[in-house]
Amino acid sequence: MAITAQMVKELREKTGAGMMDCKKALTEVNGDMEAAVDFLREKGLSSAAKKADRIAAEGTTEIIVNGNEAVIFEVNAETDFVAKNEGFQTLVKELGEHLLAVKPATIEEANESKMDNGLSVADHISNAVSKIGEKITLRRFEVKTKTDNDAFGPYLHMGGRIAVLTILEGTTDADAAKDVAMHIAALNPKYISRDEVSEEEVERERKVLTEQALNEGKPENIVAKMVEGRLGKYFEEICVLDQAFVKNSDQKVRDFVKSTGGTLKEFVRYAVGEGIEKREDNFAEEVMSQVKGN
């Protein structure tokens, strides 16, 4: 019986196994879908499907730099223990090199792109899930480019729990770019400068600060002046150039960057699992789940 692409796709959706494994299973059982499912189960290759609804909020962030190109990305797993697994670390390296070579525009495009082994990224990850035993996902990535006159600042904190990639434009001082990345890892600013903060956000903060001052019983004739002062403090919290430099608190980041002869063009900061709602499992239920092999 001829094995069609649709049959392979259906079996993959049923089992979560890799595309090549699905094709082999269907070939072995002459196209019988149910028998193919059993074949994959017997081989232990359908385990990825069992893990599809699990929450992968651990894992690692990584940065790979190649000349004037760099990629920062996050790969999630279910436990921090697996993030230290050699197989997982190999997978992360392979994914990073692939992303840098192919430069997909979206996660969807990345997952569909073909790796050197002929598998799609999604299938390659699915095969790793079967071997490693946990749900694994490529969550996000950004590919950045610079010129020969600029500097990348890649910085990994706590073994990849936080990753920051900076680009200093107009200077080749990579050490300075990394120092700025280290600062951003520590203080987690949202913007480079005040110019990037939307007027809506500024007005919202101004309104909150005004209400705070009035509730404190401050005279109305000095509230506006107080608010502008507090707004300056707010900018220092969210704008990296306004912050006191972590390596020299007497110096603003703006002044440090200026001393290099360059400007901070952009930065990307990832922290593992940020924004993912972690499920709070009952401990006893979790133990029972593991005992039963679910």
# chains A, B, ... in the order shown; residues from 1 in each chain; ligands from 1
>>> residues_around(residues="Ala163 in chain A", least_positions_apart="2", cutoff="8 Å", atoms="only C-alpha atoms", output="compact mmCIF listing (two decimals) with N, CA and C atoms, in the first residue's frame")
# COMPACT_ATOMS: atom_id res chain seq x y z
N THR A 61 18.25 29.87 28.05
CA THR A 61 18.41 30.85 26.98
C THR A 61 19.84 30.71 26.47
N GLU A 62 20.04 31.13 25.23
CA GLU A 62 21.36 30.98 24.64
C GLU A 62 21.59 32.09 23.61
N ILE A 63 22.85 32.38 23.36
CA ILE A 63 23.25 33.35 22.34
C ILE A 63 24.37 32.74 21.52
N ILE A 72 19.73 35.27 19.61
CA ILE A 72 19.41 35.04 21.02
C ILE A 72 18.09 34.27 21.02
N PRO A 154 27.15 39.95 24.04
CA PRO A 154 26.39 38.80 24.52
C PRO A 154 26.71 38.50 25.98
N TYR A 155 25.69 38.27 26.80
CA TYR A 155 25.92 37.96 28.20
C TYR A 155 24.89 36.95 28.68
N LEU A 156 25.38 35.85 29.30
CA LEU A 156 24.53 34.83 29.89
C LEU A 156 24.72 34.86 31.40
N HIS A 157 23.61 34.89 32.13
CA HIS A 157 23.66 34.95 33.59
C HIS A 157 23.11 33.65 34.16
N GLY A 160 22.56 30.62 31.82
CA GLY A 160 21.53 30.72 30.80
C GLY A 160 20.14 31.01 31.33
N ARG A 161 20.00 31.28 32.63
CA ARG A 161 18.69 31.65 33.16
C ARG A 161 18.24 33.01 32.60
N LEU A 165 21.50 40.41 24.82
CA LEU A 165 22.33 40.74 23.66
C LEU A 165 22.18 42.23 23.39
N ALA A 185 20.95 42.78 32.37
CA ALA A 185 20.55 41.52 33.01
C ALA A 185 20.19 41.77 34.47
N ARG A 269 16.54 41.15 25.98
CA ARG A 269 16.74 40.45 27.25
C ARG A 269 15.70 39.36 27.41
N TYR A 270 16.15 38.12 27.58
CA TYR A 270 15.27 36.99 27.83
C TYR A 270 15.56 36.42 29.21
N ALA A 271 14.51 36.07 29.95
CA ALA A 271 14.65 35.31 31.19
C ALA A 271 13.83 34.04 31.03
>>> residues_around(residues="Ile3 in chain A", least_positions_apart="6", cutoff="10 Å", atoms="only C-alpha atoms", output="list of chain:residue names")
A:Lys23, A:Lys24, A:Leu26, A:Thr27, A:Asn30, A:Gly31, A:Asp32
>>> select_by_dssp(residues="range 43-134 of chain A", states="helix (DSSP H, G or I)", output="PyMOL selection string")
chain A and resi 47-50+80-83+86-102+107-112+121-132
>>> closest_residue(among="A:Asp250, A:Asp150, A:Glu196, A:Asp123", to="Gly16 in chain A", atoms="only C-alpha atoms")
A:Asp123
>>> atom_distance(atom1="CA of Val227 in chain A", atom2="CA of Ile192 in chain A")
22.1 Å
>>> residues_around(residues="Glu211 in chain A", least_positions_apart="6", cutoff="12 Å", atoms="only C-alpha atoms", output="list in words")
Arg204, Glu205, Gly217, Lys218, Glu220, Val223, Ala224, Met226 and Val227 of chain A
>>> residues_around(residues="Ile238 in chain A", least_positions_apart="5", cutoff="10 Å", atoms="only C-alpha atoms", output="list in words")
Leu187, Asn188, Pro189, Lys190, Tyr191, Ile192, Ser193, Arg194, Val197, Lys233 and Gln243 of chain A
>>> residues_around(residues="Asp242 in chain A", least_positions_apart="6", cutoff="8 Å", atoms="only C-alpha atoms", output="list in words")
Ser193, Phe235, Glu236, Lys252, Val253 and Arg254 of chain A
>>> write_last_selection(atoms="N, CA and C atoms", output="compact mmCIF listing (two decimals), in the first residue's frame")
# COMPACT_ATOMS: atom_id res chain seq x y z
N SER A 193 15.87 54.59 25.99
CA SER A 193 15.81 55.99 26.42
C SER A 193 14.37 56.44 26.58
N PHE A 235 11.50 57.16 35.02
CA PHE A 235 12.32 56.95 33.83
C PHE A 235 13.63 56.25 34.19
N GLU A 236 14.17 56.54 35.35
CA GLU A 236 15.41 55.89 35.78
C GLU A 236 15.19 54.39 36.02
N LYS A 252 26.16 57.36 35.01
CA LYS A 252 24.98 56.87 34.31
C LYS A 252 25.43 55.97 33.16
N VAL A 253 24.58 55.04 32.79
CA VAL A 253 24.88 54.18 31.65
C VAL A 253 25.10 55.03 30.40
N ARG A 254 24.31 56.10 30.27
CA ARG A 254 24.46 57.01 29.13
C ARG A 254 25.90 57.52 29.01
>>> closest_residue(among="A:Asp148, A:Glu266, A:Glu112, A:Glu169", to="Ile184 in chain A", atoms="only C-alpha atoms")
A:Glu266
>>> decode(residues="range 66-196 of chain A", atoms="C-alpha atoms", output="PDB file, in the first residue's frame")
ATOM      1  CA  ASN A  66      28.996  34.464  14.124  1.00  0.00           C
ATOM      2  CA  GLY A  67      30.821  37.543  12.855  1.00  0.00           C
ATOM      3  CA  ASN A  68      28.285  40.283  12.221  1.00  0.00           C
ATOM      4  CA  GLU A  69      25.305  38.046  12.934  1.00  0.00           C
ATOM      5  CA  ALA A  70      23.927  36.805  16.246  1.00  0.00           C
ATOM      6  CA  VAL A  71      20.884  34.954  17.520  1.00  0.00           C
ATOM      7  CA  ILE A  72      19.410  35.039  21.019  1.00  0.00           C
ATOM      8  CA  PHE A  73      16.822  32.364  21.763  1.00  0.00           C
ATOM      9  CA  GLU A  74      14.981  30.396  24.448  1.00  0.00           C
ATOM     10  CA  VAL A  75      14.334  26.656  24.539  1.00  0.00           C
ATOM     11  CA  ASN A  76      11.985  25.409  27.252  1.00  0.00           C
ATOM     12  CA  ALA A  77      11.748  22.079  29.057  1.00  0.00           C
ATOM     13  CA  GLU A  78       9.678  20.912  32.012  1.00  0.00           C
ATOM     14  CA  THR A  79      12.423  20.781  34.626  1.00  0.00           C
ATOM     15  CA  ASP A  80      15.672  22.566  35.358  1.00  0.00           C
ATOM     16  CA  PHE A  81      17.302  19.136  35.681  1.00  0.00           C
ATOM     17  CA  VAL A  82      16.748  18.363  31.989  1.00  0.00           C
ATOM     18  CA  ALA A  83      18.223  21.737  31.041  1.00  0.00           C
ATOM     19  CA  LYS A  84      21.555  20.346  32.274  1.00  0.00           C
ATOM     20  CA  ASN A  85      21.160  17.155  30.212  1.00  0.00           C
ATOM     21  CA  GLU A  86      23.851  16.710  27.558  1.00  0.00           C
ATOM     22  CA  GLY A  87      21.273  15.732  24.944  1.00  0.00           C
ATOM     23  CA  PHE A  88      19.237  18.861  25.667  1.00  0.00           C
ATOM     24  CA  GLN A  89      22.333  21.057  25.465  1.00  0.00           C
ATOM     25  CA  THR A  90      23.270  19.492  22.120  1.00  0.00           C
ATOM     26  CA  LEU A  91      19.748  20.159  20.844  1.00  0.00           C
ATOM     27  CA  VAL A  92      19.985  23.806  21.936  1.00  0.00           C
ATOM     28  CA  LYS A  93      23.281  24.249  20.072  1.00  0.00           C
ATOM     29  CA  GLU A  94      21.846  22.635  16.935  1.00  0.00           C
ATOM     30  CA  LEU A  95      18.757  24.850  17.035  1.00  0.00           C
ATOM     31  CA  GLY A  96      20.822  28.004  17.516  1.00  0.00           C
ATOM     32  CA  GLU A  97      23.134  27.247  14.611  1.00  0.00           C
ATOM     33  CA  HIS A  98      20.120  26.453  12.431  1.00  0.00           C
ATOM     34  CA  LEU A  99      18.308  29.676  13.344  1.00  0.00           C
ATOM     35  CA  LEU A 100      21.416  31.702  12.553  1.00  0.00           C
ATOM     36  CA  ALA A 101      21.832  29.974   9.190  1.00  0.00           C
ATOM     37  CA  VAL A 102      18.196  30.065   8.056  1.00  0.00           C
ATOM     38  CA  LYS A 103      17.025  33.292   9.759  1.00  0.00           C
ATOM     39  CA  PRO A 104      13.299  32.451   9.848  1.00  0.00           C
ATOM     40  CA  ALA A 105      10.896  35.329  10.461  1.00  0.00           C
ATOM     41  CA  THR A 106       8.583  33.590  12.950  1.00  0.00           C
ATOM     42  CA  ILE A 107       8.463  30.602  15.308  1.00  0.00           C
ATOM     43  CA  GLU A 108       6.039  28.916  12.898  1.00  0.00           C
ATOM     44  CA  GLU A 109       8.465  29.400  10.030  1.00  0.00           C
ATOM     45  CA  ALA A 110      11.317  28.159  12.209  1.00  0.00           C
ATOM     46  CA  ASN A 111       9.476  24.976  13.201  1.00  0.00           C
ATOM     47  CA  GLU A 112       8.677  24.199   9.564  1.00  0.00           C
ATOM     48  CA  SER A 113      12.196  24.873   8.272  1.00  0.00           C
ATOM     49  CA  LYS A 114      14.395  21.912   7.327  1.00  0.00           C
ATOM     50  CA  MET A 115      17.562  21.096   9.217  1.00  0.00           C
ATOM     51  CA  ASP A 116      20.681  19.521   7.700  1.00  0.00           C
ATOM     52  CA  ASN A 117      19.423  16.047   8.658  1.00  0.00           C
ATOM     53  CA  GLY A 118      16.349  16.528   6.451  1.00  0.00           C
ATOM     54  CA  LEU A 119      13.916  16.843   9.359  1.00  0.00           C
ATOM     55  CA  SER A 120      11.877  19.914  10.149  1.00  0.00           C
ATOM     56  CA  VAL A 121      12.775  21.687  13.375  1.00  0.00           C
ATOM     57  CA  ALA A 122       9.461  20.482  14.842  1.00  0.00           C
ATOM     58  CA  ASP A 123      10.275  16.855  14.024  1.00  0.00           C
ATOM     59  CA  HIS A 124      13.847  17.189  15.256  1.00  0.00           C
ATOM     60  CA  ILE A 125      12.547  18.501  18.589  1.00  0.00           C
ATOM     61  CA  SER A 126       9.902  15.746  18.693  1.00  0.00           C
ATOM     62  CA  ASN A 127      12.605  13.110  18.305  1.00  0.00           C
ATOM     63  CA  ALA A 128      14.529  14.729  21.169  1.00  0.00           C
ATOM     64  CA  VAL A 129      11.388  14.636  23.329  1.00  0.00           C
ATOM     65  CA  SER A 130      11.147  10.872  22.794  1.00  0.00           C
ATOM     66  CA  LYS A 131      14.754  10.402  23.913  1.00  0.00           C
ATOM     67  CA  ILE A 132      14.934  12.957  26.740  1.00  0.00           C
ATOM     68  CA  GLY A 133      11.468  12.289  28.154  1.00  0.00           C
ATOM     69  CA  GLU A 134      10.155  15.828  28.638  1.00  0.00           C
ATOM     70  CA  LYS A 135       8.188  18.317  26.620  1.00  0.00           C
ATOM     71  CA  ILE A 136      10.601  20.675  24.827  1.00  0.00           C
ATOM     72  CA  THR A 137       9.701  23.786  22.866  1.00  0.00           C
ATOM     73  CA  LEU A 138      11.540  26.441  20.908  1.00  0.00           C
ATOM     74  CA  ARG A 139       9.785  29.417  22.461  1.00  0.00           C
ATOM     75  CA  ARG A 140      11.273  32.552  20.895  1.00  0.00           C
ATOM     76  CA  PHE A 141      14.295  33.974  19.122  1.00  0.00           C
ATOM     77  CA  GLU A 142      15.656  37.111  17.494  1.00  0.00           C
ATOM     78  CA  VAL A 143      18.361  37.283  14.845  1.00  0.00           C
ATOM     79  CA  LYS A 144      20.425  40.486  14.903  1.00  0.00           C
ATOM     80  CA  THR A 145      23.011  41.946  12.529  1.00  0.00           C
ATOM     81  CA  LYS A 146      25.667  44.629  12.869  1.00  0.00           C
ATOM     82  CA  THR A 147      28.433  46.210  10.821  1.00  0.00           C
ATOM     83  CA  ASP A 148      32.187  45.933  11.228  1.00  0.00           C
ATOM     84  CA  ASN A 149      32.073  49.267  13.075  1.00  0.00           C
ATOM     85  CA  ASP A 150      29.693  48.010  15.771  1.00  0.00           C
ATOM     86  CA  ALA A 151      29.977  45.641  18.727  1.00  0.00           C
ATOM     87  CA  PHE A 152      27.812  42.790  19.999  1.00  0.00           C
ATOM     88  CA  GLY A 153      27.531  42.353  23.754  1.00  0.00           C
ATOM     89  CA  PRO A 154      26.386  38.796  24.525  1.00  0.00           C
ATOM     90  CA  TYR A 155      25.920  37.960  28.204  1.00  0.00           C
ATOM     91  CA  LEU A 156      24.530  34.831  29.893  1.00  0.00           C
ATOM     92  CA  HIS A 157      23.660  34.945  33.587  1.00  0.00           C
ATOM     93  CA  MET A 158      23.339  31.922  35.898  1.00  0.00           C
ATOM     94  CA  GLY A 159      24.138  29.414  33.194  1.00  0.00           C
ATOM     95  CA  GLY A 160      21.529  30.722  30.799  1.00  0.00           C
ATOM     96  CA  ARG A 161      18.688  31.649  33.158  1.00  0.00           C
ATOM     97  CA  ILE A 162      18.958  35.169  31.702  1.00  0.00           C
ATOM     98  CA  ALA A 163      20.412  36.164  28.343  1.00  0.00           C
ATOM     99  CA  VAL A 164      21.057  39.681  27.074  1.00  0.00           C
ATOM    100  CA  LEU A 165      22.326  40.735  23.663  1.00  0.00           C
ATOM    101  CA  THR A 166      23.282  44.373  23.108  1.00  0.00           C
ATOM    102  CA  ILE A 167      24.487  46.235  20.023  1.00  0.00           C
ATOM    103  CA  LEU A 168      26.732  49.262  20.463  1.00  0.00           C
ATOM    104  CA  GLU A 169      26.794  51.261  17.254  1.00  0.00           C
ATOM    105  CA  GLY A 170      29.885  53.216  16.230  1.00  0.00           C
ATOM    106  CA  THR A 171      32.361  51.356  18.461  1.00  0.00           C
ATOM    107  CA  THR A 172      34.062  47.975  18.324  1.00  0.00           C
ATOM    108  CA  ASP A 173      34.461  47.785  22.115  1.00  0.00           C
ATOM    109  CA  ALA A 174      32.960  44.329  22.727  1.00  0.00           C
ATOM    110  CA  ASP A 175      33.894  44.425  26.427  1.00  0.00           C
ATOM    111  CA  ALA A 176      31.881  47.621  26.906  1.00  0.00           C
ATOM    112  CA  ALA A 177      28.934  46.114  25.021  1.00  0.00           C
ATOM    113  CA  LYS A 178      29.065  43.093  27.333  1.00  0.00           C
ATOM    114  CA  ASP A 179      29.239  45.339  30.416  1.00  0.00           C
ATOM    115  CA  VAL A 180      26.045  47.067  29.279  1.00  0.00           C
ATOM    116  CA  ALA A 181      24.438  43.666  28.714  1.00  0.00           C
ATOM    117  CA  MET A 182      25.429  42.639  32.245  1.00  0.00           C
ATOM    118  CA  HIS A 183      23.815  45.814  33.588  1.00  0.00           C
ATOM    119  CA  ILE A 184      20.601  45.085  31.676  1.00  0.00           C
ATOM    120  CA  ALA A 185      20.552  41.524  33.012  1.00  0.00           C
ATOM    121  CA  ALA A 186      20.734  42.899  36.562  1.00  0.00           C
ATOM    122  CA  LEU A 187      18.253  45.799  36.375  1.00  0.00           C
ATOM    123  CA  ASN A 188      15.857  44.661  33.637  1.00  0.00           C
ATOM    124  CA  PRO A 189      15.007  48.015  31.975  1.00  0.00           C
ATOM    125  CA  LYS A 190      12.222  48.136  29.404  1.00  0.00           C
ATOM    126  CA  TYR A 191      13.580  50.831  27.110  1.00  0.00           C
ATOM    127  CA  ILE A 192      16.843  52.362  25.931  1.00  0.00           C
ATOM    128  CA  SER A 193      15.810  55.992  26.419  1.00  0.00           C
ATOM    129  CA  ARG A 194      12.856  58.204  27.306  1.00  0.00           C
ATOM    130  CA  ASP A 195      12.183  58.749  23.606  1.00  0.00           C
ATOM    131  CA  GLU A 196      10.961  55.150  23.342  1.00  0.00           C
TER     132      GLU A 196
END
